[in-house]
file upload-v4.cif (mmCIF, N, CA, C and O atoms)
data_data
#
loop_
_atom_site.label_atom_id
_atom_site.label_comp_id
_atom_site.auth_asym_id
_atom_site.auth_seq_id
_atom_site.Cartn_x
_atom_site.Cartn_y
_atom_site.Cartn_z
N MET A 242 -17.01 5.64 -20.50
CA MET A 242 -16.56 4.29 -20.76
C MET A 242 -16.65 3.50 -19.44
O MET A 242 -16.16 3.95 -18.41
N THR A 243 -17.26 2.35 -19.48
CA THR A 243 -17.43 1.54 -18.26
C THR A 243 -16.13 0.83 -17.91
O THR A 243 -15.24 0.66 -18.75
N ASP A 244 -16.03 0.39 -16.64
CA ASP A 244 -14.85 -0.35 -16.20
C ASP A 244 -14.68 -1.64 -17.00
O ASP A 244 -13.57 -2.04 -17.32
N ASP A 245 -15.80 -2.29 -17.32
CA ASP A 245 -15.76 -3.54 -18.08
C ASP A 245 -15.20 -3.29 -19.48
O ASP A 245 -14.37 -4.05 -19.97
N HIS A 246 -15.62 -2.19 -20.09
CA HIS A 246 -15.13 -1.84 -21.42
C HIS A 246 -13.63 -1.55 -21.37
O HIS A 246 -12.86 -1.98 -22.24
N LYS A 247 -13.20 -0.81 -20.34
CA LYS A 247 -11.78 -0.50 -20.19
C LYS A 247 -10.97 -1.78 -20.01
O LYS A 247 -9.89 -1.93 -20.59
N ALA A 248 -11.49 -2.71 -19.22
CA ALA A 248 -10.78 -3.97 -18.98
C ALA A 248 -10.64 -4.78 -20.27
O ALA A 248 -9.59 -5.37 -20.54
N ARG A 249 -11.71 -4.80 -21.08
CA ARG A 249 -11.65 -5.54 -22.36
C ARG A 249 -10.62 -4.91 -23.30
O ARG A 249 -9.88 -5.61 -23.99
N ARG A 250 -10.58 -3.57 -23.35
CA ARG A 250 -9.61 -2.89 -24.22
C ARG A 250 -8.19 -3.16 -23.76
O ARG A 250 -7.29 -3.41 -24.57
N LYS A 251 -7.98 -3.14 -22.44
CA LYS A 251 -6.65 -3.40 -21.89
C LYS A 251 -6.23 -4.84 -22.19
O LYS A 251 -5.09 -5.09 -22.57
N ALA A 252 -7.15 -5.79 -22.03
CA ALA A 252 -6.86 -7.20 -22.31
C ALA A 252 -6.50 -7.39 -23.78
O ALA A 252 -5.55 -8.12 -24.10
N ALA A 253 -7.22 -6.74 -24.68
CA ALA A 253 -6.94 -6.85 -26.11
C ALA A 253 -5.55 -6.31 -26.42
O ALA A 253 -4.80 -6.90 -27.20
N LYS A 254 -5.18 -5.21 -25.79
CA LYS A 254 -3.86 -4.61 -26.01
C LYS A 254 -2.76 -5.57 -25.51
O LYS A 254 -1.75 -5.76 -26.19
N LEU A 255 -2.98 -6.18 -24.35
CA LEU A 255 -2.00 -7.13 -23.81
C LEU A 255 -1.85 -8.34 -24.71
O LEU A 255 -0.74 -8.82 -24.95
N LYS A 256 -2.97 -8.84 -25.23
CA LYS A 256 -2.93 -10.00 -26.12
C LYS A 256 -2.15 -9.68 -27.39
O LYS A 256 -1.39 -10.51 -27.90
N ARG A 257 -2.32 -8.47 -27.92
CA ARG A 257 -1.57 -8.06 -29.12
C ARG A 257 -0.06 -8.06 -28.85
O ARG A 257 0.74 -8.33 -29.74
N ARG A 258 0.31 -7.76 -27.61
CA ARG A 258 1.72 -7.77 -27.22
C ARG A 258 2.23 -9.18 -26.93
O ARG A 258 3.39 -9.38 -26.64
N GLY A 259 1.31 -10.16 -26.98
CA GLY A 259 1.70 -11.55 -26.74
C GLY A 259 1.63 -11.97 -25.29
O GLY A 259 2.10 -13.05 -24.93
N ALA A 260 1.05 -11.16 -24.43
CA ALA A 260 0.94 -11.49 -23.01
C ALA A 260 -0.18 -12.50 -22.76
O ALA A 260 -1.16 -12.55 -23.50
N VAL A 261 -0.02 -13.30 -21.71
CA VAL A 261 -1.06 -14.22 -21.28
C VAL A 261 -2.12 -13.41 -20.54
O VAL A 261 -1.80 -12.62 -19.65
N VAL A 262 -3.38 -13.59 -20.93
CA VAL A 262 -4.47 -12.86 -20.29
C VAL A 262 -5.59 -13.83 -19.95
O VAL A 262 -6.21 -14.40 -20.83
N GLU A 263 -5.79 -14.05 -18.65
CA GLU A 263 -6.91 -14.86 -18.16
C GLU A 263 -8.01 -13.91 -17.69
O GLU A 263 -7.74 -12.77 -17.34
N ASN A 264 -9.22 -14.43 -17.63
CA ASN A 264 -10.32 -13.67 -17.06
C ASN A 264 -10.27 -13.87 -15.54
O ASN A 264 -10.82 -14.82 -15.02
N VAL A 265 -9.57 -12.98 -14.84
CA VAL A 265 -9.34 -13.10 -13.41
C VAL A 265 -10.45 -12.38 -12.64
O VAL A 265 -10.69 -11.19 -12.86
N ASN A 266 -11.10 -13.10 -11.75
CA ASN A 266 -12.12 -12.52 -10.88
C ASN A 266 -11.43 -12.10 -9.58
O ASN A 266 -10.99 -12.95 -8.81
N PRO A 267 -11.33 -10.78 -9.33
CA PRO A 267 -10.63 -10.32 -8.13
C PRO A 267 -11.19 -10.92 -6.83
O PRO A 267 -10.41 -11.24 -5.93
N ILE A 268 -12.49 -11.08 -6.74
CA ILE A 268 -13.09 -11.63 -5.52
C ILE A 268 -12.56 -13.04 -5.25
O ILE A 268 -12.26 -13.40 -4.10
N GLU A 269 -12.39 -13.85 -6.30
CA GLU A 269 -11.84 -15.19 -6.13
C GLU A 269 -10.40 -15.13 -5.61
O GLU A 269 -10.00 -15.94 -4.77
N VAL A 270 -9.63 -14.17 -6.08
CA VAL A 270 -8.25 -14.00 -5.60
C VAL A 270 -8.27 -13.59 -4.14
O VAL A 270 -7.52 -14.13 -3.32
N PHE A 271 -9.13 -12.64 -3.77
CA PHE A 271 -9.21 -12.18 -2.38
C PHE A 271 -9.62 -13.32 -1.46
O PHE A 271 -9.07 -13.48 -0.37
N GLU A 272 -10.60 -14.12 -1.90
CA GLU A 272 -11.03 -15.26 -1.09
C GLU A 272 -9.92 -16.29 -0.97
O GLU A 272 -9.68 -16.84 0.11
N ARG A 273 -9.23 -16.58 -2.07
CA ARG A 273 -8.11 -17.52 -2.05
C ARG A 273 -7.06 -17.08 -1.03
O ARG A 273 -6.49 -17.88 -0.31
N ASP A 274 -6.81 -15.76 -0.98
CA ASP A 274 -5.78 -15.22 -0.10
C ASP A 274 -6.30 -14.87 1.29
O ASP A 274 -5.58 -14.28 2.10
N GLY A 275 -7.55 -15.26 1.58
CA GLY A 275 -8.11 -15.05 2.91
C GLY A 275 -8.36 -13.60 3.26
O GLY A 275 -8.35 -13.24 4.44
N TRP A 276 -8.58 -12.76 2.25
CA TRP A 276 -8.83 -11.33 2.45
C TRP A 276 -7.73 -10.70 3.31
O TRP A 276 -7.96 -9.89 4.19
N ARG A 277 -6.48 -11.11 3.04
CA ARG A 277 -5.31 -10.55 3.71
C ARG A 277 -4.31 -10.07 2.67
O ARG A 277 -4.10 -10.72 1.65
N CYS A 278 -3.67 -8.97 2.97
CA CYS A 278 -2.61 -8.45 2.11
C CYS A 278 -1.47 -9.46 2.12
O CYS A 278 -0.99 -9.84 3.20
N GLN A 279 -1.04 -9.89 0.95
CA GLN A 279 0.03 -10.86 0.85
C GLN A 279 1.41 -10.22 1.01
O GLN A 279 2.41 -10.92 1.04
N LEU A 280 1.44 -8.90 1.17
CA LEU A 280 2.70 -8.20 1.36
C LEU A 280 2.97 -7.85 2.82
O LEU A 280 4.08 -8.02 3.31
N CYS A 281 1.93 -7.40 3.55
CA CYS A 281 2.13 -7.01 4.95
C CYS A 281 1.29 -7.83 5.93
O CYS A 281 1.51 -7.76 7.13
N GLY A 282 0.32 -8.59 5.43
CA GLY A 282 -0.48 -9.45 6.30
C GLY A 282 -1.71 -8.83 6.93
O GLY A 282 -2.46 -9.50 7.63
N VAL A 283 -1.97 -7.55 6.67
CA VAL A 283 -3.12 -6.87 7.26
C VAL A 283 -4.43 -7.42 6.66
O VAL A 283 -4.45 -7.83 5.50
N ARG A 284 -5.49 -7.45 7.48
CA ARG A 284 -6.80 -7.86 6.97
C ARG A 284 -7.32 -6.78 6.02
O ARG A 284 -7.18 -5.59 6.28
N THR A 285 -7.93 -7.23 4.93
CA THR A 285 -8.50 -6.30 3.94
C THR A 285 -9.99 -6.64 3.79
O THR A 285 -10.37 -7.40 2.91
N PRO A 286 -10.82 -6.10 4.68
CA PRO A 286 -12.24 -6.46 4.69
C PRO A 286 -12.96 -6.15 3.37
O PRO A 286 -12.69 -5.14 2.72
N ARG A 287 -13.85 -7.05 3.02
CA ARG A 287 -14.64 -6.91 1.79
C ARG A 287 -15.37 -5.57 1.74
O ARG A 287 -15.49 -4.96 0.68
N LYS A 288 -15.86 -5.12 2.89
CA LYS A 288 -16.63 -3.87 2.93
C LYS A 288 -15.79 -2.64 2.53
O LYS A 288 -16.34 -1.61 2.18
N LEU A 289 -14.46 -2.78 2.54
CA LEU A 289 -13.60 -1.66 2.14
C LEU A 289 -13.25 -1.67 0.65
O LEU A 289 -12.63 -0.74 0.15
N ARG A 290 -13.67 -2.73 -0.07
CA ARG A 290 -13.41 -2.83 -1.51
C ARG A 290 -13.94 -1.59 -2.23
O ARG A 290 -15.06 -1.17 -2.04
N GLY A 291 -13.09 -0.98 -3.04
CA GLY A 291 -13.50 0.20 -3.81
C GLY A 291 -13.43 1.51 -3.06
O GLY A 291 -13.82 2.54 -3.60
N THR A 292 -12.89 1.49 -1.84
CA THR A 292 -12.77 2.73 -1.07
C THR A 292 -11.32 3.22 -1.13
O THR A 292 -10.45 2.56 -1.70
N TYR A 293 -11.07 4.35 -0.51
CA TYR A 293 -9.71 4.90 -0.44
C TYR A 293 -9.00 4.53 0.85
O TYR A 293 -7.91 5.04 1.13
N SER A 294 -9.56 3.61 1.61
CA SER A 294 -8.95 3.17 2.86
C SER A 294 -7.62 2.48 2.57
O SER A 294 -7.48 1.75 1.58
N ASP A 295 -6.63 2.70 3.43
CA ASP A 295 -5.34 2.02 3.28
C ASP A 295 -5.49 0.51 3.30
O ASP A 295 -4.67 -0.20 2.73
N ARG A 296 -6.54 0.00 3.96
CA ARG A 296 -6.75 -1.44 4.09
C ARG A 296 -7.68 -2.01 3.02
O ARG A 296 -8.01 -3.19 3.06
N ALA A 297 -8.09 -1.22 2.05
CA ALA A 297 -8.98 -1.70 0.99
C ALA A 297 -8.27 -2.77 0.16
O ALA A 297 -7.10 -2.61 -0.20
N PRO A 298 -8.95 -3.90 -0.13
CA PRO A 298 -8.32 -4.94 -0.93
C PRO A 298 -8.22 -4.52 -2.39
O PRO A 298 -9.15 -3.98 -2.97
N GLU A 299 -7.04 -4.78 -2.98
CA GLU A 299 -6.82 -4.49 -4.40
C GLU A 299 -6.13 -5.68 -5.04
O GLU A 299 -5.38 -6.41 -4.38
N LEU A 300 -6.39 -5.87 -6.32
CA LEU A 300 -5.75 -6.93 -7.08
C LEU A 300 -4.36 -6.44 -7.48
O LEU A 300 -4.21 -5.41 -8.13
N ASP A 301 -3.33 -7.18 -7.07
CA ASP A 301 -1.96 -6.81 -7.36
C ASP A 301 -1.33 -7.85 -8.27
O ASP A 301 -1.56 -9.05 -8.10
N HIS A 302 -0.57 -7.40 -9.24
CA HIS A 302 0.19 -8.31 -10.11
C HIS A 302 1.57 -8.49 -9.49
O HIS A 302 2.30 -7.51 -9.29
N ILE A 303 1.93 -9.73 -9.15
CA ILE A 303 3.19 -10.04 -8.49
C ILE A 303 4.35 -9.58 -9.37
O ILE A 303 5.21 -8.82 -8.94
N LEU A 304 4.39 -10.05 -10.60
CA LEU A 304 5.31 -9.53 -11.61
C LEU A 304 4.48 -8.56 -12.44
O LEU A 304 3.59 -8.97 -13.17
N PRO A 305 4.73 -7.26 -12.30
CA PRO A 305 3.90 -6.27 -12.97
C PRO A 305 3.79 -6.50 -14.48
O PRO A 305 4.75 -6.95 -15.11
N ILE A 306 2.63 -6.20 -15.01
CA ILE A 306 2.40 -6.34 -16.45
C ILE A 306 3.41 -5.50 -17.21
O ILE A 306 3.93 -5.92 -18.25
N SER A 307 3.77 -4.33 -16.66
CA SER A 307 4.75 -3.46 -17.33
C SER A 307 6.14 -4.09 -17.40
O SER A 307 6.99 -3.66 -18.18
N LYS A 308 6.37 -5.11 -16.59
CA LYS A 308 7.67 -5.81 -16.58
C LYS A 308 7.56 -7.18 -17.25
O LYS A 308 8.42 -8.03 -17.09
N GLY A 309 6.45 -7.42 -17.98
CA GLY A 309 6.29 -8.68 -18.71
C GLY A 309 5.44 -9.72 -17.99
O GLY A 309 5.33 -10.84 -18.46
N GLY A 310 4.85 -9.36 -16.88
CA GLY A 310 4.00 -10.30 -16.14
C GLY A 310 2.69 -10.55 -16.87
O GLY A 310 2.26 -9.77 -17.70
N GLU A 311 2.06 -11.66 -16.54
CA GLU A 311 0.78 -12.00 -17.17
C GLU A 311 -0.38 -11.63 -16.25
O GLU A 311 -0.21 -11.47 -15.04
N HIS A 312 -1.55 -11.48 -16.85
CA HIS A 312 -2.76 -11.22 -16.09
C HIS A 312 -3.42 -12.59 -15.88
O HIS A 312 -4.17 -13.07 -16.73
N SER A 313 -3.05 -13.23 -14.76
CA SER A 313 -3.51 -14.59 -14.50
C SER A 313 -3.66 -14.79 -12.99
O SER A 313 -3.16 -13.99 -12.19
N TYR A 314 -4.32 -15.88 -12.64
CA TYR A 314 -4.47 -16.21 -11.22
C TYR A 314 -3.11 -16.49 -10.57
O TYR A 314 -2.89 -16.16 -9.41
N VAL A 315 -2.19 -17.07 -11.33
CA VAL A 315 -0.86 -17.39 -10.80
C VAL A 315 -0.09 -16.12 -10.46
O VAL A 315 0.68 -16.09 -9.50
N ASN A 316 -0.29 -15.06 -11.21
CA ASN A 316 0.48 -13.83 -11.06
C ASN A 316 -0.27 -12.73 -10.31
O ASN A 316 0.13 -11.57 -10.35
N THR A 317 -1.36 -13.06 -9.64
CA THR A 317 -2.10 -12.04 -8.90
C THR A 317 -2.20 -12.42 -7.43
O THR A 317 -2.13 -13.58 -7.06
N GLN A 318 -2.37 -11.39 -6.61
CA GLN A 318 -2.51 -11.58 -5.18
C GLN A 318 -3.33 -10.44 -4.60
O GLN A 318 -3.47 -9.39 -5.22
N CYS A 319 -3.83 -10.65 -3.39
CA CYS A 319 -4.53 -9.61 -2.66
C CYS A 319 -3.49 -8.71 -2.02
O CYS A 319 -2.53 -9.20 -1.41
N ALA A 320 -3.66 -7.41 -2.17
CA ALA A 320 -2.78 -6.44 -1.51
C ALA A 320 -3.65 -5.33 -0.95
O ALA A 320 -4.67 -4.97 -1.54
N CYS A 321 -3.25 -4.80 0.19
CA CYS A 321 -3.97 -3.64 0.71
C CYS A 321 -3.62 -2.44 -0.17
O CYS A 321 -2.57 -2.42 -0.84
N ARG A 322 -4.49 -1.47 -0.19
CA ARG A 322 -4.29 -0.29 -1.02
C ARG A 322 -2.95 0.39 -0.72
O ARG A 322 -2.24 0.83 -1.63
N LYS A 323 -2.59 0.46 0.55
CA LYS A 323 -1.35 1.11 0.94
C LYS A 323 -0.14 0.40 0.33
O LYS A 323 0.71 1.03 -0.30
N CYS A 324 -0.05 -0.92 0.52
CA CYS A 324 1.09 -1.68 -0.02
C CYS A 324 1.11 -1.64 -1.54
O CYS A 324 2.19 -1.51 -2.14
N ASN A 325 -0.06 -1.78 -2.16
CA ASN A 325 -0.11 -1.78 -3.62
C ASN A 325 0.39 -0.45 -4.18
O ASN A 325 1.11 -0.42 -5.18
N GLY A 326 0.04 0.64 -3.52
CA GLY A 326 0.50 1.95 -3.97
C GLY A 326 2.00 2.13 -3.77
O GLY A 326 2.69 2.69 -4.62
N LEU A 327 2.51 1.65 -2.64
CA LEU A 327 3.94 1.76 -2.36
C LEU A 327 4.76 0.86 -3.28
O LEU A 327 5.87 1.20 -3.67
N LYS A 328 4.22 -0.30 -3.62
CA LYS A 328 4.92 -1.28 -4.45
C LYS A 328 5.13 -0.77 -5.86
O LYS A 328 6.18 -0.96 -6.45
N GLY A 329 4.12 -0.11 -6.41
CA GLY A 329 4.23 0.39 -7.77
C GLY A 329 4.46 -0.74 -8.76
O GLY A 329 3.79 -1.76 -8.71
N ASP A 330 5.47 -0.61 -9.62
CA ASP A 330 5.74 -1.65 -10.62
C ASP A 330 6.98 -2.47 -10.27
O ASP A 330 7.71 -2.93 -11.13
N VAL A 331 7.19 -2.69 -8.96
CA VAL A 331 8.29 -3.51 -8.48
C VAL A 331 7.79 -4.92 -8.23
O VAL A 331 6.76 -5.12 -7.59
N PRO A 332 8.48 -5.94 -8.74
CA PRO A 332 8.06 -7.33 -8.50
C PRO A 332 8.26 -7.70 -7.02
O PRO A 332 9.38 -7.76 -6.54
N LEU A 333 7.16 -7.92 -6.30
CA LEU A 333 7.20 -8.34 -4.89
C LEU A 333 6.15 -9.41 -4.68
O LEU A 333 5.05 -9.31 -5.20
N GLY A 334 6.48 -10.40 -3.89
CA GLY A 334 5.54 -11.49 -3.61
C GLY A 334 6.06 -12.76 -4.26
O GLY A 334 7.15 -12.80 -4.80
N GLN A 335 5.28 -13.80 -4.14
CA GLN A 335 5.69 -15.10 -4.69
C GLN A 335 4.60 -15.63 -5.60
O GLN A 335 3.42 -15.64 -5.23
N MET A 336 5.00 -16.08 -6.78
CA MET A 336 4.05 -16.65 -7.73
C MET A 336 3.40 -17.88 -7.12
O MET A 336 4.02 -18.61 -6.36
N ARG A 337 2.15 -18.10 -7.45
CA ARG A 337 1.40 -19.23 -6.94
C ARG A 337 1.74 -20.49 -7.73
O ARG A 337 1.96 -20.44 -8.94
N LEU A 338 1.75 -21.61 -7.04
CA LEU A 338 1.88 -22.90 -7.70
C LEU A 338 0.49 -23.45 -7.91
O LEU A 338 -0.29 -23.53 -6.97
N VAL A 339 0.16 -23.78 -9.12
CA VAL A 339 -1.15 -24.34 -9.44
C VAL A 339 -0.95 -25.66 -10.15
O VAL A 339 0.02 -25.86 -10.87
N GLY A 340 -1.90 -26.52 -9.96
CA GLY A 340 -1.73 -27.78 -10.66
C GLY A 340 -2.83 -28.73 -10.44
O GLY A 340 -3.81 -28.73 -9.96
#
call {"tool": "encode", "arguments": {"input": "upload-v4.cif", "output": "structure tokens"}}
result
Amino acid sequence: MTDDHKARRKAAKLKRRGAVVENVNPIEVFERDGWRCQLCGVRTPRKLRGTYSDRAPELDHILPISKGGEHSYVNTQCACRKCNGLKGDVPLGQMRLVG
């Protein structure tokens, strides 16, 4: 099963639960956040994307989906792999203001 297929299945499941689901492009979130972890401030270079490096950029949900958060640009941020793993499903960070 491809990552794209898994993402579509997960999105469909969230929609059935009534959650807001946007088509979020992680690269756009990383660029918006200046390729920096929004939790600790460390640089998360693009070349580390998809690696096991502690500094690899990952898409983090500020309010975790498991706690009722939405999959949207407002509820996502760049996090380094280390912080994202330590954070788990705890709400940390600040929701974005868009308008």
call {"tool": "closest_residue", "arguments": {"input": "upload-v4.cif", "among": "A:Ser313, A:Val261, A:Arg287, A:Gly329", "to": "Gly275 in chain A", "atoms": "only C-alpha atoms"}}
result
A:Arg287
call {"tool": "resolve_selection", "arguments": {"input": "upload-v4.cif", "expression": "the PyMOL selection byres ((chain A and resi 294) around 8)", "output": "VMD selection string"}}
result
chain A and resid 289 to 293 295 to 299 320 to 324
call {"tool": "atom_distance", "arguments": {"input": "upload-v4.cif", "atom1": "atom C of Pro267 in chain A", "atom2": "atom N of Leu300 in chain A"}}
result
7.0 Å
call {"tool": "atom_distance", "arguments": {"input": "upload-v4.cif", "atom1": "atom O of Ile268 in chain A", "atom2": "atom C of Lys256 in chain A"}}
result
25.7 Å
call {"tool": "closest_residue", "arguments": {"input": "upload-v4.cif", "among": "A:Ala252, A:Val315, A:Leu333, A:Leu304", "to": "Gln279 in chain A", "atoms": "only N, CA, C and O atoms"}}
result
A:Leu333
call {"tool": "atom_distance", "arguments": {"input": "upload-v4.cif", "atom1": "CA of Ile306 in chain A", "atom2": "atom N of Pro332 in chain A"}}
result
9.8 Å
call {"tool": "residues_around", "arguments": {"input": "upload-v4.cif", "residues": "Gly334 in chain A", "least_positions_apart": "3", "cutoff": "12 Å", "atoms": "only C-alpha atoms", "output": "count of residues only"}}
result
21
call {"tool": "select_by_dssp", "arguments": {"input": "upload-v4.cif", "residues": "range 267-332 of chain A", "states": "alpha helix (DSSP H)", "output": "ChimeraX atom specification"}}
result
/A:267-273,322-328
call {"tool": "write_last_selection", "arguments": {"input": "upload-v4.cif", "atoms": "N, CA, C and O atoms", "output": "mmCIF file, in the coordinates of the input"}}
result
data_model
loop_
_atom_site.group_PDB
_atom_site.id
_atom_site.type_symbol
_atom_site.label_atom_id
_atom_site.label_comp_id
_atom_site.auth_asym_id
_atom_site.auth_seq_id
_atom_site.Cartn_x
_atom_site.Cartn_y
_atom_site.Cartn_z
ATOM 1 N N PRO A 267 -11.330 -10.780 -9.330
ATOM 2 C CA PRO A 267 -10.630 -10.320 -8.130
ATOM 3 C C PRO A 267 -11.190 -10.920 -6.830
ATOM 4 O O PRO A 267 -10.410 -11.240 -5.930
ATOM 5 N N ILE A 268 -12.490 -11.080 -6.740
ATOM 6 C CA ILE A 268 -13.090 -11.630 -5.520
ATOM 7 C C ILE A 268 -12.560 -13.040 -5.250
ATOM 8 O O ILE A 268 -12.260 -13.400 -4.100
ATOM 9 N N GLU A 269 -12.390 -13.850 -6.300
ATOM 10 C CA GLU A 269 -11.840 -15.190 -6.130
ATOM 11 C C GLU A 269 -10.400 -15.130 -5.610
ATOM 12 O O GLU A 269 -10.000 -15.940 -4.770
ATOM 13 N N VAL A 270 -9.630 -14.170 -6.080
ATOM 14 C CA VAL A 270 -8.250 -14.000 -5.600
ATOM 15 C C VAL A 270 -8.270 -13.590 -4.140
ATOM 16 O O VAL A 270 -7.520 -14.130 -3.320
ATOM 17 N N PHE A 271 -9.130 -12.640 -3.770
ATOM 18 C CA PHE A 271 -9.210 -12.180 -2.380
ATOM 19 C C PHE A 271 -9.620 -13.320 -1.460
ATOM 20 O O PHE A 271 -9.070 -13.480 -0.370
ATOM 21 N N GLU A 272 -10.600 -14.120 -1.900
ATOM 22 C CA GLU A 272 -11.030 -15.260 -1.090
ATOM 23 C C GLU A 272 -9.920 -16.290 -0.970
ATOM 24 O O GLU A 272 -9.680 -16.840 0.110
ATOM 25 N N ARG A 273 -9.230 -16.580 -2.070
ATOM 26 C CA ARG A 273 -8.110 -17.520 -2.050
ATOM 27 C C ARG A 273 -7.060 -17.080 -1.030
ATOM 28 O O ARG A 273 -6.490 -17.880 -0.310
ATOM 29 N N ARG A 322 -4.490 -1.470 -0.190
ATOM 30 C CA ARG A 322 -4.290 -0.290 -1.020
ATOM 31 C C ARG A 322 -2.950 0.390 -0.720
ATOM 32 O O ARG A 322 -2.240 0.830 -1.630
ATOM 33 N N LYS A 323 -2.590 0.460 0.550
ATOM 34 C CA LYS A 323 -1.350 1.110 0.940
ATOM 35 C C LYS A 323 -0.140 0.400 0.330
ATOM 36 O O LYS A 323 0.710 1.030 -0.300
ATOM 37 N N CYS A 324 -0.050 -0.920 0.520
ATOM 38 C CA CYS A 324 1.090 -1.680 -0.020
ATOM 39 C C CYS A 324 1.110 -1.640 -1.540
ATOM 40 O O CYS A 324 2.190 -1.510 -2.140
ATOM 41 N N ASN A 325 -0.060 -1.780 -2.160
ATOM 42 C CA ASN A 325 -0.110 -1.780 -3.620
ATOM 43 C C ASN A 325 0.390 -0.450 -4.180
ATOM 44 O O ASN A 325 1.110 -0.420 -5.180
ATOM 45 N N GLY A 326 0.040 0.640 -3.520
ATOM 46 C CA GLY A 326 0.500 1.950 -3.970
ATOM 47 C C GLY A 326 2.000 2.130 -3.770
ATOM 48 O O GLY A 326 2.690 2.690 -4.620
ATOM 49 N N LEU A 327 2.510 1.650 -2.640
ATOM 50 C CA LEU A 327 3.940 1.760 -2.360
ATOM 51 C C LEU A 327 4.760 0.860 -3.280
ATOM 52 O O LEU A 327 5.870 1.200 -3.670
ATOM 53 N N LYS A 328 4.220 -0.300 -3.620
ATOM 54 C CA LYS A 328 4.920 -1.280 -4.450
ATOM 55 C C LYS A 328 5.130 -0.770 -5.860
ATOM 56 O O LYS A 328 6.180 -0.960 -6.450
#
call {"tool": "select_by_dssp", "arguments": {"input": "upload-v4.cif", "residues": "chain A", "states": "strand (DSSP E)", "output": "ChimeraX atom specification"}}
result
/A:298-302,317-321
call {"tool": "closest_residue", "arguments": {"input": "upload-v4.cif", "among": "A:Lys251, A:Arg284, A:Tyr314, A:His246", "to": "Asn266 in chain A", "atoms": "only N, CA, C and O atoms"}}
result
A:Tyr314
